[in-house]
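Step one of this worksheet: look at the structure below.
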Amino acid sequence: MQRRRLALSLFAAATIAASSAAAARELRSADVHNADDYPTVAAVKYMSELLSQRSKGAYTIKVFNKGALGSEKETIDQVKIGALELTRVNISPMNAICPKTQVPTMPFLFRSVEHMRKALDGPAGEEILNSCADQGFVGLAFYDSGARSIYGRKPVKTVADTKGMKIRVQQSDLWVSLVSAMGANPTPMPIAEVYTGLKTGLIDAAENNIPSYDGFKHYEAVKYYSRTEHSMAPEMLLMSKLVFDKLSKADQEMIRAAAKESVAFQRKKWDEQEAKSLAVVKAGGAEIVEVDKTSFQAVMAPVYDKFITTPDLKRLVKTIQDTR
C-alpha cells in the first residue's frame, strides 16, 4: 500500500512538472544592435530574468539581436500580425503608425537628458505608449537612445556646414524633413547598410548617438562627430497586442511591471555605455566637434509646422516643454 501511494505521489509530481513545462512560454524579442551587452539588449534580458523569477519559469524572453529577425521596420510588421511577440525599435519608424510618437522625435524638444526622462516617465509618455494600441501594439516602455548628432567626412559647426551633404536618415518622413530643414540631402537607409555607405562615399554622413557610432564601427569609416544633439528620440519596447490580449490579466500586469522595471536598468547601462563608447571612438581617432546649436534650432520651425498639426499633438508638445 505504501509503495502504491509513493508511486501515485511520484506520478502526480511528474504530471505537474510536465504540465508546468508545457505551460512555459518563451517570448521572442528583436533588436538590431550587434553587441550582446548593448543597453537595450541587456535590458530586455534583465526583463526576462524578472519574468522568469515572478512566473516561476512560466515566461522567459529570448533576445534575437544583430538584426537576426530583420530590420526594425520588418520586426514591427511581424509584431503587428503576432508573428513575433516583442521588438525593441527606435521610435522613428513608429511615427507613420502612431502619430503621437512623432512628439518625442521632434528636434530640440528636450532641454536635457534629465528633462527627457522626467517627461517620458510622466503622463505624456504614458499617453504616447498607449496611443499605439489601436494599431496592434502594446507600448511597454521607453528606453534611452541618447542625443543624436551628425558624424561624417567633415566637421559640422553650424547649420550652413550641412548644406548639400548626403546624410543617412531612418526610414521616416519626419527624419527626412528634419535633415532637409538643415539644407542637407536626406538618404533613407537601413542601419545595416550605413557602414558600407560611409566607407564608399555613397553618403557623406549619418546621425546617431555615440554608442551606435561605436557599436556599428562607423567611427572607422568617418572621423568627425559633431555634437548637434538635434534629437533625443527614445527607443520603444513594443509587444504584439494579438499576443498580449490572449494572456491573463495577471500575466499582462506582470509583463508591464517587468518592462517598467527594466527602464532604470537600461538607463544605468546606457550612461555607462556612453562614457565607454566615447573613450573608444576617441581612441580610434574620432574628433568630437562642438557645434553652434542655435543655428540648427533656428531652421526647425517648418518641421514642427508640418508634423505637429492637431490640437492633441500641440498639447502634448506643450506638456513636455512645460515639464520641470
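The way I read the labels, and the way they are meant: chains A, B, ... in the order of the C-alpha cells, residue 1 as the first residue of every chain, and ligand 1 as the first ligand shown, with later ones counted on from there.
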
Could you pull the residues within 10 Å of stretch 60-75 of chain A, counting only C-alpha atoms, minus those fewer than 2 positions along the same chain, as a short mmCIF file (atom, residue, chain, number, x, y, z; two decimals) with N, CA, C and O atoms, in the first residue's frame?
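What landed in result_27.cif:
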```cif
data_model
loop_
_atom_site.label_atom_id
_atom_site.label_comp_id
_atom_site.auth_asym_id
_atom_site.auth_seq_id
_atom_site.Cartn_x
_atom_site.Cartn_y
_atom_site.Cartn_z
N ALA A 24 5.13 26.59 -19.90
CA ALA A 24 6.24 27.55 -20.02
C ALA A 24 6.26 28.14 -21.42
O ALA A 24 6.05 27.43 -22.41
N ARG A 25 6.50 29.44 -21.50
CA ARG A 25 6.46 30.09 -22.80
C ARG A 25 7.68 31.00 -22.98
O ARG A 25 7.97 31.84 -22.13
N GLU A 26 8.36 30.83 -24.09
CA GLU A 26 9.50 31.67 -24.42
C GLU A 26 9.04 32.72 -25.43
O GLU A 26 8.65 32.40 -26.55
N LEU A 27 9.05 33.97 -24.99
CA LEU A 27 8.69 35.07 -25.87
C LEU A 27 9.95 35.49 -26.64
O LEU A 27 11.04 35.49 -26.10
N ARG A 28 9.78 35.86 -27.89
CA ARG A 28 10.92 36.27 -28.70
C ARG A 28 10.91 37.79 -28.87
O ARG A 28 9.87 38.39 -29.11
N SER A 29 12.10 38.39 -28.72
CA SER A 29 12.22 39.84 -28.87
C SER A 29 13.35 40.17 -29.84
O SER A 29 14.42 39.54 -29.79
N ALA A 30 13.14 41.14 -30.71
CA ALA A 30 14.13 41.50 -31.72
C ALA A 30 14.85 42.80 -31.37
O ALA A 30 14.30 43.68 -30.71
N ASP A 31 16.09 42.90 -31.84
CA ASP A 31 16.89 44.12 -31.68
C ASP A 31 17.93 44.13 -32.79
O ASP A 31 18.46 43.08 -33.15
N VAL A 32 18.22 45.31 -33.34
CA VAL A 32 19.20 45.36 -34.44
C VAL A 32 20.63 45.57 -33.95
O VAL A 32 21.58 45.44 -34.71
N HIS A 33 20.80 45.91 -32.67
CA HIS A 33 22.15 46.21 -32.18
C HIS A 33 23.01 44.95 -32.09
O HIS A 33 22.54 43.88 -31.74
N ASN A 34 24.29 45.14 -32.40
CA ASN A 34 25.20 44.00 -32.53
C ASN A 34 25.67 43.42 -31.20
O ASN A 34 25.70 42.21 -31.02
N ALA A 35 26.06 44.29 -30.28
CA ALA A 35 26.66 43.82 -29.04
C ALA A 35 25.64 43.13 -28.14
O ALA A 35 24.53 43.63 -27.95
N ASP A 36 26.03 41.98 -27.60
CA ASP A 36 25.13 41.22 -26.73
C ASP A 36 24.85 41.94 -25.41
O ASP A 36 23.87 41.65 -24.73
N TYR A 38 24.74 45.37 -25.34
CA TYR A 38 24.25 46.72 -25.66
C TYR A 38 23.08 47.03 -24.70
O TYR A 38 22.29 46.14 -24.38
N THR A 40 20.05 48.25 -24.65
CA THR A 40 18.68 47.79 -24.90
C THR A 40 18.58 46.27 -24.91
O THR A 40 17.60 45.70 -24.43
N VAL A 41 19.61 45.62 -25.45
CA VAL A 41 19.64 44.15 -25.48
C VAL A 41 19.70 43.62 -24.05
O VAL A 41 18.95 42.72 -23.65
N ALA A 42 20.60 44.21 -23.25
CA ALA A 42 20.77 43.80 -21.86
C ALA A 42 19.51 44.06 -21.04
O ALA A 42 19.15 43.26 -20.16
N VAL A 44 16.32 44.02 -22.03
CA VAL A 44 15.27 43.02 -22.30
C VAL A 44 15.66 41.67 -21.69
O VAL A 44 14.80 40.92 -21.21
N LYS A 45 16.95 41.37 -21.65
CA LYS A 45 17.41 40.15 -20.98
C LYS A 45 17.13 40.25 -19.47
O LYS A 45 16.75 39.26 -18.83
N TYR A 46 17.32 41.44 -18.92
CA TYR A 46 17.02 41.67 -17.50
C TYR A 46 15.52 41.51 -17.24
O TYR A 46 15.10 40.90 -16.26
N MET A 47 14.72 42.03 -18.16
CA MET A 47 13.27 41.87 -18.06
C MET A 47 12.90 40.38 -18.07
O MET A 47 12.01 39.94 -17.33
N SER A 48 13.61 39.59 -18.89
CA SER A 48 13.38 38.15 -18.94
C SER A 48 13.66 37.50 -17.59
O SER A 48 12.90 36.63 -17.13
N GLU A 49 14.75 37.93 -16.94
CA GLU A 49 15.09 37.39 -15.61
C GLU A 49 13.97 37.69 -14.60
O GLU A 49 13.59 36.83 -13.81
N LEU A 50 13.46 38.92 -14.63
CA LEU A 50 12.37 39.29 -13.73
C LEU A 50 11.13 38.44 -13.98
O LEU A 50 10.51 37.94 -13.04
N LEU A 51 10.79 38.27 -15.26
CA LEU A 51 9.61 37.47 -15.61
C LEU A 51 9.78 36.01 -15.19
O LEU A 51 8.85 35.40 -14.66
N SER A 52 10.96 35.47 -15.42
CA SER A 52 11.22 34.07 -15.06
C SER A 52 11.07 33.86 -13.56
O SER A 52 10.45 32.89 -13.11
N GLN A 53 11.62 34.79 -12.77
CA GLN A 53 11.51 34.69 -11.31
C GLN A 53 10.06 34.77 -10.85
O GLN A 53 9.59 33.96 -10.05
N SER A 55 7.23 34.43 -12.55
CA SER A 55 6.29 33.45 -13.10
C SER A 55 6.71 32.02 -12.79
O SER A 55 6.10 31.08 -13.26
N LYS A 56 7.80 31.89 -11.98
CA LYS A 56 8.36 30.57 -11.65
C LYS A 56 8.69 29.78 -12.92
O LYS A 56 8.38 28.60 -13.05
N GLY A 57 9.29 30.49 -13.87
CA GLY A 57 9.75 29.85 -15.10
C GLY A 57 8.71 29.74 -16.20
O GLY A 57 9.01 29.23 -17.28
N ALA A 58 7.50 30.23 -15.95
CA ALA A 58 6.45 30.12 -16.98
C ALA A 58 6.73 31.03 -18.17
O ALA A 58 6.35 30.72 -19.30
N ASP A 77 6.45 45.02 -38.40
CA ASP A 77 5.40 44.33 -39.18
C ASP A 77 5.09 42.96 -38.59
O ASP A 77 3.92 42.54 -38.52
N GLN A 78 6.13 42.24 -38.16
CA GLN A 78 5.93 40.91 -37.58
C GLN A 78 5.17 40.98 -36.25
O GLN A 78 4.30 40.15 -35.97
N VAL A 79 5.50 41.98 -35.45
CA VAL A 79 4.81 42.15 -34.15
C VAL A 79 3.34 42.50 -34.37
O VAL A 79 2.45 41.98 -33.67
N LYS A 80 3.06 43.33 -35.34
CA LYS A 80 1.68 43.74 -35.62
C LYS A 80 0.77 42.55 -35.91
O LYS A 80 -0.37 42.49 -35.44
N ALA A 83 3.29 37.51 -35.39
CA ALA A 83 4.30 36.51 -35.76
C ALA A 83 5.54 36.60 -34.87
O ALA A 83 6.35 35.69 -34.84
N LEU A 84 5.67 37.72 -34.18
CA LEU A 84 6.77 37.97 -33.25
C LEU A 84 6.17 38.64 -32.02
O LEU A 84 5.29 39.49 -32.15
N GLU A 85 6.63 38.24 -30.83
CA GLU A 85 6.00 38.76 -29.61
C GLU A 85 6.44 40.17 -29.24
O GLU A 85 5.61 41.01 -28.87
N LEU A 86 7.75 40.45 -29.34
CA LEU A 86 8.28 41.73 -28.89
C LEU A 86 9.33 42.27 -29.86
O LEU A 86 10.00 41.49 -30.54
N THR A 87 9.47 43.58 -29.87
CA THR A 87 10.60 44.17 -30.58
C THR A 87 11.00 45.47 -29.90
O THR A 87 10.16 46.18 -29.35
N ARG A 88 12.30 45.72 -29.93
CA ARG A 88 12.83 47.00 -29.43
C ARG A 88 13.24 47.80 -30.64
O ARG A 88 14.07 47.38 -31.43
N VAL A 89 12.63 48.97 -30.84
CA VAL A 89 12.93 49.79 -32.00
C VAL A 89 13.11 51.24 -31.60
O VAL A 89 12.61 51.67 -30.56
N ASN A 90 13.81 51.99 -32.42
CA ASN A 90 13.81 53.43 -32.26
C ASN A 90 12.39 53.92 -32.54
O ASN A 90 11.66 53.30 -33.32
N ILE A 91 12.00 55.00 -31.92
CA ILE A 91 10.62 55.48 -32.05
C ILE A 91 10.27 55.93 -33.47
O ILE A 91 9.12 55.87 -33.88
N SER A 92 11.28 56.34 -34.24
CA SER A 92 11.02 56.96 -35.54
C SER A 92 10.22 56.10 -36.52
O SER A 92 9.31 56.62 -37.17
N PRO A 93 10.50 54.80 -36.67
CA PRO A 93 9.70 54.01 -37.60
C PRO A 93 8.22 53.90 -37.19
O PRO A 93 7.39 53.51 -38.00
N MET A 94 7.92 54.25 -35.94
CA MET A 94 6.52 54.20 -35.48
C MET A 94 5.76 55.48 -35.79
O MET A 94 4.54 55.54 -35.63
N GLN A 170 16.88 57.59 -40.82
CA GLN A 170 15.99 56.45 -40.67
C GLN A 170 14.87 56.57 -41.71
O GLN A 170 14.60 57.66 -42.23
N GLN A 171 14.21 55.45 -41.95
CA GLN A 171 13.15 55.44 -42.97
C GLN A 171 11.87 56.02 -42.38
O GLN A 171 10.92 55.33 -42.05
N PRO A 190 18.57 51.47 -44.29
CA PRO A 190 18.62 50.62 -43.10
C PRO A 190 19.98 50.73 -42.43
O PRO A 190 21.00 50.93 -43.11
N ILE A 191 20.01 50.60 -41.13
CA ILE A 191 21.25 50.76 -40.36
C ILE A 191 22.34 49.80 -40.82
O ILE A 191 23.53 50.13 -40.81
N ALA A 192 21.95 48.61 -41.27
CA ALA A 192 22.93 47.60 -41.67
C ALA A 192 23.74 48.02 -42.90
O ALA A 192 24.82 47.48 -43.16
#
```

Non-local contacts of A:Glu290 (9 Å; only C-alpha atoms; under 3 positions in same chain excluded) as a ChimeraX atom specification = /A:156-157,225-228,293

Can I get the selection written as a compact mmCIF listing (two decimals), in the first residue's frame, with N, CA, C and O atoms?
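See result.txt below for the written result:
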```
# COMPACT_ATOMS: atom_id res chain seq x y z
N VAL A 156 31.11 69.53 -38.77
CA VAL A 156 29.94 70.39 -38.91
C VAL A 156 29.88 71.28 -37.67
O VAL A 156 29.77 70.79 -36.56
N LYS A 157 29.97 72.60 -37.88
CA LYS A 157 29.97 73.52 -36.75
C LYS A 157 28.73 74.41 -36.71
O LYS A 157 28.28 74.84 -35.65
N TYR A 225 32.68 63.65 -35.38
CA TYR A 225 31.40 63.52 -34.68
C TYR A 225 31.03 64.90 -34.14
O TYR A 225 31.64 65.40 -33.20
N SER A 226 30.06 65.53 -34.80
CA SER A 226 29.68 66.91 -34.46
C SER A 226 28.47 66.90 -33.55
O SER A 226 27.39 66.44 -33.94
N ARG A 227 28.61 67.44 -32.34
CA ARG A 227 27.57 67.36 -31.31
C ARG A 227 26.40 68.30 -31.58
O ARG A 227 26.19 69.27 -30.84
N THR A 228 25.63 68.02 -32.63
CA THR A 228 24.42 68.81 -32.87
C THR A 228 23.35 68.51 -31.81
O THR A 228 22.57 69.38 -31.46
N LYS A 293 24.48 75.19 -31.68
CA LYS A 293 23.15 74.58 -31.76
C LYS A 293 22.07 75.58 -32.16
O LYS A 293 21.07 75.22 -32.79
```

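In this comparison, which uses only C-alpha atoms, the residue of A:Ser131, A:Thr105, A:Thr158, A:Ser262 approaching A:Asp312 most closely is A:Ser131.
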
Would you pick out the contacts of A:Glu114 at 12 Å or less, using only C-alpha atoms, so that residues sharing its chain but fewer than 4 positions from it are not included, and give the list as a tab-separated table (two decimals) with C-alpha atoms, in the first residue's frame?
```
chain	number	residue	atom	x	y	z
A	110	PHE	CA	14.07	68.11	-24.70
A	118	LYS	CA	11.11	63.02	-16.45
A	119	ALA	CA	8.74	63.81	-19.33
A	120	LEU	CA	8.65	60.25	-20.68
A	121	ASP	CA	8.14	58.80	-17.19
A	144	ASP	CA	17.11	55.93	-23.65
A	146	GLY	CA	20.94	59.35	-26.01
A	147	ALA	CA	21.36	62.52	-28.02
A	232	MET	CA	16.78	62.72	-28.03
A	267	ARG	CA	19.38	53.88	-18.22
A	271	ASP	CA	25.10	56.07	-19.07
A	323	THR	CA	7.70	69.52	-17.59
A	324	ARG	CA	10.02	70.71	-14.82
```

Min atom-atom distance to A:Val263 from the set A:Gly136, A:Gly197, A:Pro234, A:Pro302, counting only C-alpha atoms, belongs to A:Pro234

With distances taken over only C-alpha atoms, which of A:Ala298, A:Val281, A:Trp270, A:Asp251 is nearest to A:Tyr59?
-> A:Asp251

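From atom CA of A:Gly164 back to atom CA of A:Gly183, the distance works out to 6.3 Å.
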
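If only C-alpha atoms are the atoms counted, then among A:Val138, A:Met189, A:Ala275, A:Cys132 the closest residue to A:Ile97 is A:Cys132.
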
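As for atom CA of A:Ile210 and atom CA of A:Lys269, they are spaced 13.7 Å apart.
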
Of the listed residues A:Asn209, A:Ser295, A:Thr310, A:Ser240, that which approaches A:Ile81 most closely, counting only C-alpha atoms = A:Ser240

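Counting only C-alpha atoms, A:Val299 has the following residues at most 9 Å away, ignoring those fewer than 6 positions along the same chain: Val159, Ala181 and Met182 of chain A.
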
Which residue, A:Asp134, A:Asp214, A:Asp322, A:Asp161, has the smallest gap to A:Ser277 when you use only C-alpha atoms?
-> A:Asp214

What are the DSSP helix (DSSP H, G or I) residues of stretch 173-221 of chain A, as JSON, numbers by chain?
-> {"A": [173, 174, 175, 176, 177, 178, 179, 180, 181, 191, 192, 193, 194, 195, 196, 197, 198, 199, 200, 210, 211, 212, 213, 214, 215, 218, 219, 220]}

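The spacing separating atom CA of A:Leu129 from atom CA of A:Gln321 amounts to 18.0 Å.
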